[in-house]
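Remarks on the structure that follows.
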Amino acid sequence: MSAIAGGPAETYLSHESTIASWLLTRDHKRIALLFFASITAFFFVGGAAATLIRLNLVEPSGQLLGADLYNRMFTMHGIVMVWFFLIPSIPTTLGNFLIPLMIGARDLAFPRLNLASWYVFNISGMIALYFIIAGGVDTGWTFYTPYSTLFSNSHVIAAAFAVFVNGFSSFMTALNFVVTIHRLRAPGMTWFRLPLFVWAHYATSLIFILGTPVIAITLLLAGLERMFHMGFFNPAYGGDPILFQHLFWFYSHPAVYIMILPAMGVISEIIPTFARKPIFGYDFIAASSIGIAVIGFIVWAHHMFLTGQSTYSALAFSFLTFLVAVPSAVKVFNWTATLYKGSISFDTPMLYALGFIGLFTIGGLTGLFLACLGLDIHLHDTYFVVAHFHYIMVGGAIMGYLGGIHFWWPKITGRLYPEYLARIAAITLFVGFNLTFFPQFILGFLGMPRRYHNYPPEYQVLNVMSTAGASILALGYLLPMIYLSWSMRYGKVAGKNPWPATGLEWTTDSPPLTENFHETPVVDWEPYDFLHRPELGLLGATSKKPVPAHGDD
Amino acid sequence: MHRTGELYGQFQTLEQQKESATLGMWVFLITEILFFGGLFMAYTVNRHAFPTAFGVSGNMLDLNLGFFNTIVLIASSFTMAMSVWSAQTSRKKAVPAWLIATLILGSAFLGIKVVEYKQKFDHHLIPGYHFDITYCSNNPGACGLSGKELDDEKKEIKEGIEAEANEAKKRGAPNPEEVGLTALNAHAQLYFSLYFGMTGLHALHMIIGAGLLLWLIFEGLKGRFDANYNTPVENIGLYWHFVDIVWIFLFPLLYLINRHLA
């Protein structure tokens with residue numbers, strides 16, 4: 001790619017343009033783009049599965065796919081979306097790109113490990129594509145035993161192996177982030193001057209490091225049991241299927257925090273910028289990220305309330321689940337307080353961030369309903385649960401991801417996206433999302449079970465609404481893909497800091513040099529300090545209050 | 001490959017580079033703790049559930065070989081530490097010498113593991129392959145049992161079957177006497193599944209460690225490591241010590257609990 005006319009002379013994009021220079025790059029920014037390509041490809045795979053699921057559910061008999069194919073479809077949707085899209089999404093793209101820039105470093109601590117992480121991700125992706133093409137798995141993404149180990153007639157071992165290898169990619173990235181954040185901060189960049197995006201990724205990396213090995217060993221044991229008839233989860237040998245569930249959820253619950261924490265980090269960057277105010281309660285937001293990571297490890301059995309565990313155990317996990325909502329609520333309150341008396345502008349990243357706050361709150365609150373033992377007896381394994389986690393993972397995490405992509409698009413590409421079209425797309429996505437998933441809360445409450453290809457006819461209206469919403473949601477995803485691609489060639493040239501925002505990444509070129517900074521920065525300002533940074537041109541000519549963000553104008 | 005003392009672009013100083021590498025290795029070892037931890041959890045839960053069967057099965061392991069392996073591995077950690085010290089004090093020639101000693105001891109460990117695994121195969125103690133916990137007491141010649149040892153073994157099996165039958169009766173099984181031997185065999189298979197899982201995973205980590213040692217020896221023979229630059233020796237040393245510590249936990253859990261000495 002040639003340098004942008006009117007932009008900086010030499011950038012990480014124009015540096016070298018051979019295929020080898022991309023596939024063997026050690027530049028964290030290029031690796032971020034490589035990951036972006038990989039996970040987008042898998043988003044299409046997972047999205048195709050979702051499309052077929054919703055089409056099947058348009059009418060009650062579910063004969064479009066039939067029972068067996070439907071099982072394979074929702075399993076594929078879950079496995080691909082969780083491990084090959086959501087978990088890597090923000091950390092490997094925005095995290096990889098931004099963390100060195102935000103802390104004033106030239107690259108991550110271990111650039112070759114970073115590249116290796118991408119290759120390992122793709123290897124795991126090839127294994128996943130193999131099991132999908134070979135016919136899929138019908139156990140659900142949760143691989144519950146003894147069905148997965150003894151009875152399922154599908155490619156369980158290949159799927160488990162794909163996830164196992166994927167885990168290596170995950171913790172390689174996380175290890176890189178932890179060492180980088182500890183050791184490579186620029187002079188003056190103390191822990192409490194770090195952007196909250198970095199705090200969020202630090203907490204996420206801790207979860208990756210502690211949790212991923214557990215899913216690895218769990219799937220290894222399940223695979224060994226299936227291959228060699230060992231007896232860990234088989235009652236005939238004295239094994240216990242519930243042991244699998246404990247081991248599985250010990251990772252998989254923290255995994256959902258892996259999926260949401262980075263998005264929260266993105267929101268913490270967007271809100272102050274488009275409210276023109278320092279973030280309210282920086283210390284509390286930073287601490288709450290760590291708090292979510294820690295408490296998130298001790299709530300796993302709330303997925304197992306209906307397994308016959310002891311009442312006392314259930315009580316303890318229910319209480320702890322309520323507790324884990326507290327740090328999340330702390331963040332929501334602090335974001336709201338940041339908005340109060342701010343100069344708010346509704347640029348696209350802000351639309352996504354505001355959408356996040358609303359939808360994440362709904363998703364989080366419905367999680368509390370599920371944490372109530374009595375309610376969970378009625379709601380477990382119904383569409384209420386499905387709606388709950390999609391509100392958080394799509395309404396929350398994916399909107400955070402899209403908001404972040406739009407917010408940092410000028411930095412990554414040196415171009416501005418078309419603002420008017422982007423706002424329309426954001427609203428389309430918001431409407432489509434709610435139409436898809438809100439009816440599912442009602443369906444779940446009325447008793448429609450999840451993972452069934454068919455349903456009683458009285459549920460049809462709500463299912464049709466949900467499928468209609470899904471088509472609008474799909475449009476909401478397609479529009480950014482189109483105009484973002486368009487903007488890479490025809491978008492307006494962005495300056496260093498088009499919004500403008502605080503943060504070290506906005507002090508360097510758009511797109512940045514391969515080495516990130518012309519000189520190592522020395523930091524002597526507090527984060528989100530809109531009022532005391534005259535060099536950013538944030539203060540209006542006459543008023544002392546910061547002007548609203550202008551972005552594309 | 002890495003040249004001695006070369007500063008990589010993302011670091012400001014050599015010290016920062018070395019500290020980052022070491023922190024990276026420690027973080028990796030934390031993931032390894034969690035990885036083995038899942039197996040240790042499965043073992044703990046099942047030992048608590050089936051103490052009799054686990055006791056009988058544990059006694060089938062060769063204590064002499066296990067103890068010897070433990071000494072061998074501790075010694076290898078010592079030689080590894082000596083290698084790190086040699087590098088830190090610029091005793092360039094001693095570095096590969098101590099590493100070779102470590103590799104020899106590690107290989108001895110693996111060799112003995114092969115012997116033990118073969119023994120299990122001969123004694124019909126591989127889960128899923130004609131597993132039979134009573135094979136040795138019924139075929140003493142094949143297992144080299146005789147005299148008092150054989151009597152003890154038979155007594156132990158008999159007591160095990162009775163204990164399992166009692167458990168079955170408590171659970172309300174309709175025919176506890178018939179169930180005793182089947183249950184003992186089933187739970188013993190669970191033990192050996194965990195035994196092979198845990199020691200197998202440990203052996204895999206040792207094989208990887210041996211590969212790392214080979215690389216380190218080649219670099220050490222070229223005189224690459226001294227007081228200025230010894231990061232790979234230190235970090236691979238950390239890895240080796242970790243693998244040793246895992247065995248220090250495995251040995252008592254598998255070999256020593258409920259062990260009946262002759």
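Just so we're on the same page: first chain in the structure tokens is A, next is B, and so on; residues restart at 1 for each chain, and ligands are numbered from 1 in the order they show up.
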Using only C-alpha atoms, which protein or nucleic acid residues come within 7 Å of Asp27 in chain A? Drop anything in the same chain fewer than 4 positions from it, and give the result as a list in words.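 Listed by chain and then number, they are Ile31, Asp107, Pro111 and Thr514 of chain A.
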I'd like the contact shell of Tyr459 in chain A - 9 Å cut-off, only C-alpha atoms, skipping same-chain residues fewer than 4 positions apart - returned as number ranges by chain. A: 60, 443, 446, 448, 455, 463-464
Under the rule of at most 9 Å, produce a per-residue listing of chain B near chain A: chain, number, name, the closest pair of atoms, and the distance in Å, as CSV, using only C-alpha atoms.
residue,atom,partner,partner_atom,distance
B:Gly9,CA,A:Arg106,CA,7.4
B:Gln10,CA,A:Arg106,CA,5.0
B:Phe11,CA,A:Leu184,CA,7.2
B:Gln12,CA,A:Leu184,CA,8.4
B:Gln16,CA,A:Arg183,CA,6.8
B:Gln17,CA,A:Ala109,CA,8.1
B:Glu19,CA,A:Arg183,CA,7.8
B:Ser20,CA,A:Val179,CA,6.0
B:Ala21,CA,A:Val179,CA,8.2
B:Leu23,CA,A:Val179,CA,6.4
B:Gly24,CA,A:Val179,CA,6.0
B:Val27,CA,A:Leu175,CA,6.5
B:Phe28,CA,A:Leu175,CA,7.1
B:Ile30,CA,A:Leu210,CA,7.3
B:Thr31,CA,A:Ile209,CA,5.6
B:Glu32,CA,A:Pro213,CA,7.0
B:Ile33,CA,A:Pro213,CA,8.4
B:Leu34,CA,A:Pro213,CA,5.7
B:Phe35,CA,A:Pro213,CA,4.5
B:Phe36,CA,A:Ile217,CA,7.5
B:Gly37,CA,A:Val214,CA,7.6
B:Gly38,CA,A:Val214,CA,5.9
B:Leu39,CA,A:Ile217,CA,7.2
B:Met41,CA,A:Leu247,CA,8.8
B:Ala42,CA,A:Leu243,CA,7.5
B:Val45,CA,A:Leu243,CA,8.6
B:Asn46,CA,A:Gly239,CA,7.6
B:Ala49,CA,A:Gly238,CA,8.5
B:Phe50,CA,A:Gly238,CA,8.2
B:Pro127,CA,A:Met230,CA,6.3
B:Gly128,CA,A:His229,CA,6.0
B:Ala183,CA,A:Tyr237,CA,7.6
B:Asn185,CA,A:Tyr237,CA,8.2
B:Ala186,CA,A:Tyr237,CA,4.4
B:His187,CA,A:Tyr237,CA,5.6
B:Ala188,CA,A:Tyr237,CA,8.4
B:Gln189,CA,A:Tyr237,CA,7.0
B:Leu190,CA,A:Gly231,CA,5.3
B:Tyr191,CA,A:Gly231,CA,8.9
B:Phe192,CA,A:Met230,CA,8.7
B:Ser193,CA,A:Met230,CA,5.6
B:Leu194,CA,A:Phe232,CA,8.0
B:Gly197,CA,A:Leu221,CA,8.2
Run DSSP on the backbone and grab whatever in range 289-496 of chain A lands in alpha helix (DSSP H); send it over as a ChimeraX atom specification. /A:289-295,311-339,348-371,373-379,383-390,399-413,419-446,460-490
In terms of only C-alpha atoms, the residue from A:Met73, A:Pro418, A:Lys331, A:Phe305 at minimal distance from Asp381 in chain A is A:Phe305
Give me, please, the distance in Å between CA of Leu354 in chain A and CA of Ile267 in chain A, quoted to one decimal.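 If I compute the distance from CA of Leu354 in chain A to CA of Ile267 in chain A, I get 8.6 Å.
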Could you list, as a list in words, every residue within 10 Å of Trp22 in chain A, counting only C-alpha atoms and ignoring same-chain residues fewer than 4 positions away?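 Here the qualifying residues turn out to be Leu13, Glu16, Ser17, Thr18, Arg26, Asp27, Arg30, Ile31, Leu33 and Leu34 of chain A.
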Exercise: Ile427 in chain A partners within 10 Å, only C-alpha atoms, chain neighbours under 5 positions left out, as a list in words: Thr348, Leu351, Tyr352, Gly355, Ala422, Gly432, Phe433, Leu473 and Gly476 of chain A
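Among the candidates B:Val95, B:Ile100, B:Leu238, B:Leu29, the residue lying nearest to Ala210 in chain B is B:Ile100 (atoms considered: only C-alpha atoms).
Proximity ranking of B:Tyr255, B:Asp226, B:Ser90, B:Lys18 relative to Asn64 in chain B places B:Tyr255 first, based on only C-alpha atoms.
Compared by their closest atoms to Asn228 in chain B, and using only C-alpha atoms, the residues B:Ile71, B:Leu150, B:Leu14, B:Val179 rank with B:Leu14 nearest.
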Just the strand (DSSP E or B) stuff from range 358-496 of chain A, please, per backbone DSSP, written as a PyMOL selection string. chain A and resi 382+415+449+493
Non-local contacts of His205 in chain B (10 Å; only C-alpha atoms; under 2 positions in same chain excluded) as a PyMOL selection string: chain B and resi 32+199-203+207-211+239-240+242-243
Counting only C-alpha atoms, which residues of range 436-534 of chain A fall within 8 Å of range 268-275 of chain A, and what is the closest atom pair for each with its distance in Å at one decimal, ordered by chain and rising number, as CSV?
residue,atom,partner,partner_atom,distance
A:Trp499,CA,A:Thr273,CA,7.6
A:Pro500,CA,A:Thr273,CA,7.5
A:Ala501,CA,A:Thr273,CA,5.5
A:Thr502,CA,A:Thr273,CA,7.5
A:Tyr528,CA,A:Pro272,CA,6.9
Residues within 12 Å of Tyr452 in chain A, please, as an MDAnalysis selection string. Count only C-alpha atoms; anything in the same chain fewer than 3 positions from it doesn't count. chainID A and resid 53:54 56:57 60:63 65:75 138 140 381:383 448:449 455:456
With only C-alpha atoms as the counted atoms, please give the residues lying no more than 8 Å from His253 in chain A, apart from itself and same-chain residues fewer than 3 positions off, as a ChimeraX atom specification. /A:249-250,256-257,296-297,299-300
May I have the selected residues written with C-alpha atoms, as a compact mmCIF listing (two decimals), in the first residue's frame?
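Output file selection27.txt follows:
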# COMPACT_ATOMS: atom_id res chain seq x y z
CA TRP A 249 -17.37 -24.03 33.82
CA PHE A 250 -14.37 -23.16 35.98
CA VAL A 256 -17.37 -14.62 29.49
CA TYR A 257 -15.50 -11.95 31.41
CA GLY A 296 -15.39 -14.12 38.12
CA PHE A 297 -13.38 -17.19 39.09
CA VAL A 299 -19.05 -18.14 40.52
CA TRP A 300 -18.87 -20.99 38.01
